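A.B. asks: Here it is: the structure, laid out below.
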Amino acid sequence: MKNAVLSELFDQMADIMEILGEDKFRINTYRKVGRIIGDMPAEVETMLATGKLAETPGIGKSSLAKIEEFVKTGTITAHKQLLSKIPPTLLELLTIPGVGPKGAKAVYERLNVTTIADLKKALADGSVAQLPGFGEKKAAAIQRGIEFLEKSTGRIRLDQAMEAAELVCAFLQNTAGIEKIQPVGSLRRRVETIGDVDILVAAEKGEQIVKAFTSADFVQEVLAAGPTKGSVIIRTQTTPVHVDVRVVPGESFGAAAQYFTGSKQHNVRIREIAVKAKWKLNEYGLFQGDKMIAGPVEEEIYTKLGLDYINPLLREDRGEVEAAKSHSLPELIELGDIKGDFHVHTDASDGRASIAEMAEAAKKLGYKFICVTDHSKSSAIANGLSAKELAERIKQIHKLNDKLRGITILAGAEVDILADSSLDFDDKLLADLDFVIASIHSGMGSAREKVTTRTLRAMDNPYVNCIAHPTARLIGQREPMDIDITAVIKHAAETHTALEVNAHPYRLDLKDVHCKMAIEAGVKLAIGTDAHSVEGLGLMGFGVATAARGWVTKADVLNTLSLAKIKAWAKAKRPK
Ligand code: DGT
Ligand code: CA
Ligand code: CA
Ligand code: ZN
């Protein structure tokens, strides 16, 4: 997808101009163009060809020329010129959370820092803290940012891994001689970040399959190509991805699927059970002496070992082996149980589609409801609604509901929890809504007590039904707030407030282990995609998988209830 690349180029031009200290107005223009392109509903080529791009507000003549150049040649001369004006490594600094273009400019100009290694030294000898406008606190934040980056490098988001796996699986499906294909590893377990993508194939002629795979046109670099395994880096729209393809004979497919799905810790436990029975378990099968007693079918590995089949989502050695032994595994929530979406934005705030369009799309997904939750007024960047606009919106929703068939719109809002713990709308207005989600969008770097108190006080409000993205993390980009999640869960249980499982692959918040803590405390979960477009509604599966990884069942999740029951559940917290 060219839009993502182009949007990044404009953003990078703005970054470089900011480092060079160029005109603020121009810098903002570039940033805005970057955002517009990133949000565009269609491919930039199409938008250009149909003349729509030229009509788009915010795209001036010079931006248009750059976009045309990019579509024609794949590069932008102005971008290259800007790049040549700074040390190329300087842009690395911008990937550190807490270091923006201004910070990069300061350490470059005053301390001659051009790499992350330089910056680490300057942090260690205290010279960063001494820079005007920096200080100990900011230096410490940058230090944490570097540590965060170092921890997360190399791992990609789940949606990026899925895209890579889909590309490779589609290719393998068209390759001759393949009997079965199964994504395995952390991707099959739906871990929140993925080190590398593992794909298992059943086929007789391994070498031939590996050869075909490693010479596919999406391959950027071949790391290894042997008789049973090919390792490559592939290109996707957003990032290079490491993919391993392993080939086994059909009779070992189940055992190999079990082995390569992992996790390693889970496998260690499973192997112990086999060893106790004086059997041998490996990626080729389960063996009693030389005799294979299970191998082709994955389930049979578990059943032969006296275990119930364990869903890959649970294979983390977090008690699932014991539960499988005692036949007490939970019946996990599934996508098919979901009747609606609790977190949906529309073009009233920063979404792209109208309420009616979102409702129609949700209906196509088989949903019975969506809860429209546009931002409140303090979220200026997200074009939050004023009280008056929200009141107007509620009326519109009621009217629309009279017309719509088969789906109902819940009037909701995503209300900002302000710095002083108060909410962005008053209770009188909130009382007119069916379901209210509240969340923190500012001051996320504040102290533990502060962010925790803000969240607890919001739950005290009788109209707040759910806390959205409770830790506010952005995977690979922003660390979670330093929030006391145990206190949040306890108070949610006390105040009849649900906690969100934000399904967006950038967020997955609550995360799996927090979901488990929440349901163990009796807290209900509400899964929301945080959709800003029709396609965004399709992210529900990530939230469901995250919840299921936390042992969550249908009964724990508000999305599985009928509309009447959801309304009653929300009302139960309100004054009679
Ligand atoms: P990742 O790639 O870091 O996100 O995590 P995984 O779980 O995909 O790990 P990976 O790619 O290193 O290996 C895939 C699976 O293969 C892993 O989940 C379990 C299995 N596996 C790999 N190496 C070993 C090992 O040394 N012992 C055992 N028991 N299993 C292994
Ligand atoms: Ca892997
Ligand atoms: Ca691997
Ligand atoms: Zn939202």
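Please note that chains go A, B, ... in the order of the structure tokens, that every chain numbers its residues from 1, and that ligands are numbered from 1 in the order shown.
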Between chain A and ligand 2, at 12 Å or less, what are the per-residue closest atom pairs and their distances in Å? Count only C-alpha atoms and all ligand atoms, order by chain and rising residue number, and return it as a tab-separated table.
C.D. replies:
```
residue	atom	partner	partner_atom_place_in_ligand_line	distance
A:Gly154	CA	ligand 2	1 (Ca)	11.6
A:Arg155	CA	ligand 2	1 (Ca)	9.9
A:Ile156	CA	ligand 2	1 (Ca)	10.8
A:Leu158	CA	ligand 2	1 (Ca)	11.6
A:Ala161	CA	ligand 2	1 (Ca)	9.8
A:Ala165	CA	ligand 2	1 (Ca)	11.3
A:Pro183	CA	ligand 2	1 (Ca)	9.7
A:Val184	CA	ligand 2	1 (Ca)	7.6
A:Gly185	CA	ligand 2	1 (Ca)	4.6
A:Ser186	CA	ligand 2	1 (Ca)	5.3
A:Leu187	CA	ligand 2	1 (Ca)	6.9
A:Arg188	CA	ligand 2	1 (Ca)	9.2
A:Arg189	CA	ligand 2	1 (Ca)	10.0
A:Arg190	CA	ligand 2	1 (Ca)	10.9
A:Val191	CA	ligand 2	1 (Ca)	10.0
A:Thr193	CA	ligand 2	1 (Ca)	10.0
A:Ile194	CA	ligand 2	1 (Ca)	6.5
A:Gly195	CA	ligand 2	1 (Ca)	5.4
A:Asp196	CA	ligand 2	1 (Ca)	4.0
A:Val197	CA	ligand 2	1 (Ca)	4.8
A:Asp198	CA	ligand 2	1 (Ca)	5.1
A:Ile199	CA	ligand 2	1 (Ca)	8.8
A:Leu200	CA	ligand 2	1 (Ca)	11.3
A:Ser231	CA	ligand 2	1 (Ca)	11.2
A:Val241	CA	ligand 2	1 (Ca)	10.9
A:His242	CA	ligand 2	1 (Ca)	8.7
A:Val243	CA	ligand 2	1 (Ca)	8.0
A:Asp244	CA	ligand 2	1 (Ca)	7.8
A:Val245	CA	ligand 2	1 (Ca)	10.5
A:Arg246	CA	ligand 2	1 (Ca)	11.7
A:Tyr259	CA	ligand 2	1 (Ca)	11.8
A:Phe260	CA	ligand 2	1 (Ca)	8.3
A:Thr261	CA	ligand 2	1 (Ca)	8.4
A:Gly262	CA	ligand 2	1 (Ca)	9.0
A:Ser263	CA	ligand 2	1 (Ca)	9.4
A:Lys264	CA	ligand 2	1 (Ca)	10.7
```
A.B. asks: At a cut-off of 12 Å, using only C-alpha atoms, what residues contact Val268 (chain A)? Leave out same-chain residues fewer than 4 positions from it and give the result as a compact mmCIF listing (two decimals) with C-alpha atoms, in the first residue's frame.
C.D. replies:
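Result written to out20.txt:
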```
# COMPACT_ATOMS: atom_id res chain seq x y z
CA GLN A 258 2.05 -29.28 18.55
CA TYR A 259 5.82 -28.82 18.82
CA GLY A 262 4.90 -23.83 21.55
CA SER A 263 5.25 -22.08 23.78
CA LYS A 264 8.55 -23.56 24.82
CA GLU A 272 7.53 -34.22 31.07
CA ILE A 273 4.22 -36.06 30.95
CA ALA A 274 5.42 -38.16 28.02
CA VAL A 275 8.70 -38.95 29.76
CA LEU A 281 7.69 -36.93 22.26
CA ASN A 282 9.26 -34.79 19.54
CA ARG A 315 -0.42 -22.76 25.69
CA GLU A 316 1.73 -20.56 27.93
CA ASP A 317 2.17 -22.78 31.00
CA VAL A 321 -1.77 -28.32 31.63
```
A.B. asks: So which residues of region 309-526 of chain A fall under helix (DSSP H, G or I) by DSSP, listed as a PyMOL selection string?
C.D. replies: chain A and resi 312-314+320-325+335-337+355-364+387-403+427-430+448-460+485-495+512-520
A.B. asks: Please produce a file of the residues just selected, as a compact mmCIF listing (two decimals), in the first residue's frame, where the atoms kept are C-alpha atoms.
C.D. replies:
```txt
# COMPACT_ATOMS: atom_id res chain seq x y z
CA PRO A 312 -3.28 -22.87 21.28
CA LEU A 313 -4.34 -19.57 22.87
CA LEU A 314 -3.77 -21.11 26.30
CA GLU A 320 -3.57 -24.98 31.32
CA VAL A 321 -1.77 -28.32 31.63
CA GLU A 322 -3.18 -28.92 35.12
CA ALA A 323 -6.65 -27.85 33.92
CA ALA A 324 -6.43 -30.20 30.94
CA LYS A 325 -5.53 -33.04 33.29
CA LEU A 335 -15.66 -14.46 17.62
CA GLY A 336 -19.02 -16.10 16.85
CA ASP A 337 -20.26 -15.23 20.35
CA ILE A 355 -23.11 6.44 11.94
CA ALA A 356 -25.38 4.85 9.35
CA GLU A 357 -22.44 3.46 7.38
CA MET A 358 -20.88 1.98 10.51
CA ALA A 359 -24.21 0.45 11.50
CA GLU A 360 -24.73 -1.12 8.07
CA ALA A 361 -21.21 -2.54 8.13
CA ALA A 362 -21.77 -3.95 11.61
CA LYS A 363 -24.97 -5.56 10.45
CA LYS A 364 -23.05 -7.29 7.68
CA ALA A 387 -21.95 18.97 24.81
CA LYS A 388 -24.34 20.57 22.37
CA GLU A 389 -23.09 18.46 19.46
CA LEU A 390 -23.42 15.29 21.51
CA ALA A 391 -26.99 16.17 22.51
CA GLU A 392 -27.76 16.67 18.84
CA ARG A 393 -26.08 13.38 18.02
CA ILE A 394 -28.20 11.47 20.54
CA LYS A 395 -31.33 12.74 18.81
CA GLN A 396 -29.96 11.66 15.44
CA ILE A 397 -29.24 8.19 16.80
CA HIS A 398 -32.77 7.82 18.12
CA LYS A 399 -34.17 8.83 14.74
CA LEU A 400 -31.84 6.46 12.94
CA ASN A 401 -32.83 3.61 15.23
CA ASP A 402 -36.46 4.08 14.21
CA LYS A 403 -35.45 3.47 10.60
CA ASP A 427 -23.86 13.88 34.50
CA LYS A 428 -27.02 15.33 33.07
CA LEU A 429 -25.79 14.77 29.54
CA LEU A 430 -24.25 11.38 30.35
CA ARG A 448 1.23 6.08 39.49
CA GLU A 449 -1.00 7.58 42.15
CA LYS A 450 -2.27 10.27 39.82
CA VAL A 451 -3.27 8.08 36.87
CA THR A 452 -4.71 5.43 39.19
CA THR A 453 -6.80 7.97 41.11
CA ARG A 454 -8.12 9.49 37.89
CA THR A 455 -9.31 6.07 36.78
CA LEU A 456 -10.83 5.10 40.14
CA ARG A 457 -12.73 8.40 40.43
CA ALA A 458 -14.11 7.98 36.91
CA MET A 459 -15.48 4.59 37.91
CA ASP A 460 -17.26 6.22 40.85
CA ILE A 485 -4.03 -2.36 37.65
CA THR A 486 -4.90 -4.45 40.73
CA ALA A 487 -6.59 -1.44 42.30
CA VAL A 488 -8.39 -0.66 39.04
CA ILE A 489 -9.74 -4.20 38.77
CA LYS A 490 -10.82 -4.27 42.40
CA HIS A 491 -12.66 -0.97 42.05
CA ALA A 492 -14.28 -2.04 38.79
CA ALA A 493 -15.76 -5.00 40.65
CA GLU A 494 -16.93 -2.72 43.49
CA THR A 495 -18.53 -0.13 41.23
CA ASP A 512 -4.24 -11.18 28.25
CA VAL A 513 -2.98 -11.58 31.83
CA HIS A 514 -4.93 -8.52 32.98
CA CYS A 515 -8.09 -10.01 31.42
CA LYS A 516 -7.52 -13.10 33.56
CA MET A 517 -7.08 -11.02 36.71
CA ALA A 518 -10.24 -9.07 35.88
CA ILE A 519 -12.54 -12.04 35.39
CA GLU A 520 -11.15 -13.74 38.47
```
A.B. asks: Taking only C-alpha atoms and all ligand atoms into account, which residues are within 8 Å of ligand 4, as a VMD selection string?
C.D. replies: chain A and resid 343 to 345 373 to 375 414 468 530 to 531
A.B. asks: Using the selection just defined, write its residues with N, CA, C and O atoms as a CSV table (one decimal), in the first residue's frame.
C.D. replies:
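Just written: out-v2.csv:
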```csv
chain,number,residue,atom,x,y,z
A,343,HIS,N,-17.0,0.1,21.0
A,343,HIS,CA,-16.1,1.2,20.9
A,343,HIS,C,-16.0,1.6,19.4
A,343,HIS,O,-15.2,1.0,18.7
A,344,VAL,N,-16.8,2.5,19.0
A,344,VAL,CA,-16.8,2.9,17.5
A,344,VAL,C,-16.8,4.4,17.4
A,344,VAL,O,-17.6,5.1,18.0
A,345,HIS,N,-15.9,4.9,16.5
A,345,HIS,CA,-15.9,6.3,16.2
A,345,HIS,C,-16.5,6.6,14.9
A,345,HIS,O,-16.5,5.7,14.0
A,373,THR,N,-19.2,5.7,20.1
A,373,THR,CA,-18.5,6.4,21.2
A,373,THR,C,-17.5,7.4,20.7
A,373,THR,O,-16.3,7.2,20.7
A,374,ASP,N,-18.0,8.5,20.2
A,374,ASP,CA,-17.1,9.6,19.7
A,374,ASP,C,-16.5,10.3,20.9
A,374,ASP,O,-17.0,10.3,22.0
A,375,HIS,N,-15.4,11.0,20.6
A,375,HIS,CA,-14.6,11.6,21.6
A,375,HIS,C,-15.3,12.8,22.2
A,375,HIS,O,-16.2,13.4,21.5
A,414,GLU,N,-17.0,8.4,24.2
A,414,GLU,CA,-15.8,8.1,24.9
A,414,GLU,C,-15.4,9.4,25.6
A,414,GLU,O,-14.9,10.3,24.9
A,468,ALA,N,-12.1,2.5,29.1
A,468,ALA,CA,-11.5,2.1,27.8
A,468,ALA,C,-10.0,2.1,27.9
A,468,ALA,O,-9.4,2.9,28.6
A,530,ASP,N,-12.4,0.1,18.7
A,530,ASP,CA,-11.9,1.5,18.5
A,530,ASP,C,-11.9,1.8,17.0
A,530,ASP,O,-11.0,2.5,16.6
A,531,ALA,N,-12.9,1.3,16.3
A,531,ALA,CA,-12.9,1.5,14.8
A,531,ALA,C,-13.0,3.0,14.5
A,531,ALA,O,-13.8,3.7,15.1
```
A.B. asks: Could you list, as a ChimeraX atom specification, every residue within 9 Å of region 15-17 of chain A, counting only C-alpha atoms and ignoring same-chain residues fewer than 5 positions away?
C.D. replies: /A:10,22-24,26-27,31,82-83,85-86,91,94,100-102
A.B. asks: For all heavy atoms, I'd like the residues from the last selection saved as a short mmCIF file (atom, residue, chain, number, x, y, z; two decimals), in the first residue's frame.
C.D. replies:
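Once everything was written out, this is result_11.cif:
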```cif
data_model
loop_
_atom_site.label_atom_id
_atom_site.label_comp_id
_atom_site.auth_asym_id
_atom_site.auth_seq_id
_atom_site.Cartn_x
_atom_site.Cartn_y
_atom_site.Cartn_z
N PHE A 10 6.06 12.16 4.10
CA PHE A 10 5.69 13.53 4.46
C PHE A 10 6.01 13.81 5.93
O PHE A 10 6.51 14.87 6.29
CB PHE A 10 4.22 13.81 4.16
CG PHE A 10 4.01 14.33 2.77
CD1 PHE A 10 3.72 13.47 1.72
CD2 PHE A 10 4.13 15.69 2.50
CE1 PHE A 10 3.55 13.95 0.43
CE2 PHE A 10 3.97 16.18 1.20
CZ PHE A 10 3.68 15.30 0.16
N GLU A 22 13.31 24.84 10.38
CA GLU A 22 12.64 25.60 9.31
C GLU A 22 11.28 26.13 9.76
O GLU A 22 10.84 25.90 10.88
CB GLU A 22 12.53 24.71 8.07
CG GLU A 22 13.90 24.47 7.46
CD GLU A 22 13.85 23.82 6.10
OE1 GLU A 22 12.76 23.68 5.53
OE2 GLU A 22 14.93 23.45 5.61
N ASP A 23 10.63 26.78 8.85
CA ASP A 23 9.38 27.48 9.12
C ASP A 23 8.28 26.56 9.68
O ASP A 23 7.94 25.54 9.09
CB ASP A 23 8.91 28.10 7.80
CG ASP A 23 7.61 28.83 7.97
OD1 ASP A 23 7.54 29.69 8.86
OD2 ASP A 23 6.65 28.50 7.23
N LYS A 24 7.76 26.96 10.84
CA LYS A 24 6.76 26.14 11.54
C LYS A 24 5.51 25.88 10.69
O LYS A 24 4.95 24.79 10.71
CB LYS A 24 6.32 26.87 12.82
CG LYS A 24 7.14 26.50 14.02
CD LYS A 24 6.36 26.81 15.30
CE LYS A 24 7.29 26.75 16.49
NZ LYS A 24 7.59 28.06 17.09
N ARG A 26 5.20 25.72 7.47
CA ARG A 26 5.44 24.70 6.43
C ARG A 26 5.50 23.30 7.04
O ARG A 26 4.98 22.34 6.48
CB ARG A 26 6.74 25.02 5.68
CG ARG A 26 6.52 25.95 4.50
CD ARG A 26 7.77 26.05 3.65
NE ARG A 26 8.10 24.81 2.97
CZ ARG A 26 9.35 24.47 2.63
NH1 ARG A 26 10.36 25.24 2.94
NH2 ARG A 26 9.58 23.35 1.98
N ILE A 27 6.16 23.23 8.18
CA ILE A 27 6.29 21.93 8.85
C ILE A 27 4.89 21.36 9.14
O ILE A 27 4.59 20.20 8.86
CB ILE A 27 7.09 22.07 10.17
CG1 ILE A 27 8.53 22.50 9.84
CG2 ILE A 27 7.08 20.77 10.95
CD1 ILE A 27 9.37 22.88 11.06
N ARG A 31 3.00 17.86 7.93
CA ARG A 31 2.43 16.88 8.86
C ARG A 31 0.96 16.61 8.52
O ARG A 31 0.49 15.49 8.56
CB ARG A 31 2.48 17.41 10.30
CG ARG A 31 3.86 17.47 10.86
CD ARG A 31 3.94 16.94 12.29
NE ARG A 31 5.26 17.21 12.82
CZ ARG A 31 6.34 16.45 12.60
NH1 ARG A 31 6.22 15.33 11.92
NH2 ARG A 31 7.52 16.78 13.08
N LEU A 82 16.26 16.95 1.60
CA LEU A 82 16.22 17.16 3.05
C LEU A 82 17.11 16.15 3.77
O LEU A 82 17.86 16.50 4.68
CB LEU A 82 14.77 17.05 3.56
CG LEU A 82 13.90 18.28 3.35
CD1 LEU A 82 12.44 17.96 3.62
CD2 LEU A 82 14.36 19.43 4.23
N LEU A 83 16.99 14.90 3.35
CA LEU A 83 17.79 13.83 3.97
C LEU A 83 19.28 14.15 3.93
O LEU A 83 20.01 13.88 4.88
CB LEU A 83 17.55 12.51 3.24
CG LEU A 83 16.51 11.55 3.81
CD1 LEU A 83 16.47 10.28 2.98
CD2 LEU A 83 16.79 11.21 5.27
N LYS A 85 20.71 16.79 4.21
CA LYS A 85 21.12 17.91 5.06
C LYS A 85 21.40 17.51 6.51
O LYS A 85 21.83 18.34 7.31
CB LYS A 85 20.03 19.00 5.05
CG LYS A 85 19.95 19.72 3.73
CD LYS A 85 18.97 20.87 3.85
CE LYS A 85 18.71 21.50 2.48
NZ LYS A 85 17.56 22.39 2.53
N ILE A 86 21.07 16.27 6.87
CA ILE A 86 21.34 15.84 8.26
C ILE A 86 22.08 14.50 8.24
O ILE A 86 21.99 13.77 7.26
CB ILE A 86 20.03 15.68 9.07
CG1 ILE A 86 19.09 14.68 8.36
CG2 ILE A 86 19.32 17.00 9.29
CD1 ILE A 86 18.04 14.09 9.26
N LEU A 91 17.82 10.32 12.38
CA LEU A 91 16.41 9.93 12.35
C LEU A 91 16.12 8.77 13.30
O LEU A 91 15.01 8.62 13.78
CB LEU A 91 15.99 9.56 10.92
CG LEU A 91 15.92 10.74 9.95
CD1 LEU A 91 15.65 10.25 8.54
CD2 LEU A 91 14.86 11.75 10.38
N LEU A 94 14.60 9.66 16.56
CA LEU A 94 13.16 9.96 16.61
C LEU A 94 12.33 8.72 16.93
O LEU A 94 11.16 8.83 17.28
CB LEU A 94 12.69 10.55 15.27
CG LEU A 94 13.36 11.85 14.86
CD1 LEU A 94 12.86 12.28 13.50
CD2 LEU A 94 13.10 12.93 15.89
N GLY A 100 11.42 13.81 20.50
CA GLY A 100 10.79 14.31 19.27
C GLY A 100 11.86 15.03 18.46
O GLY A 100 13.03 15.06 18.84
N PRO A 101 11.44 15.63 17.34
CA PRO A 101 12.38 16.38 16.51
C PRO A 101 13.09 17.49 17.29
O PRO A 101 14.27 17.73 17.08
CB PRO A 101 11.48 16.97 15.42
CG PRO A 101 10.27 16.14 15.40
CD PRO A 101 10.09 15.58 16.77
N LYS A 102 12.36 18.11 18.23
CA LYS A 102 13.00 19.20 19.01
C LYS A 102 14.13 18.66 19.86
O LYS A 102 15.20 19.26 19.94
CB LYS A 102 11.95 19.88 19.90
CG LYS A 102 11.10 20.86 19.13
CD LYS A 102 10.29 21.73 20.11
CE LYS A 102 9.15 22.39 19.36
NZ LYS A 102 8.04 21.45 19.06
#
```
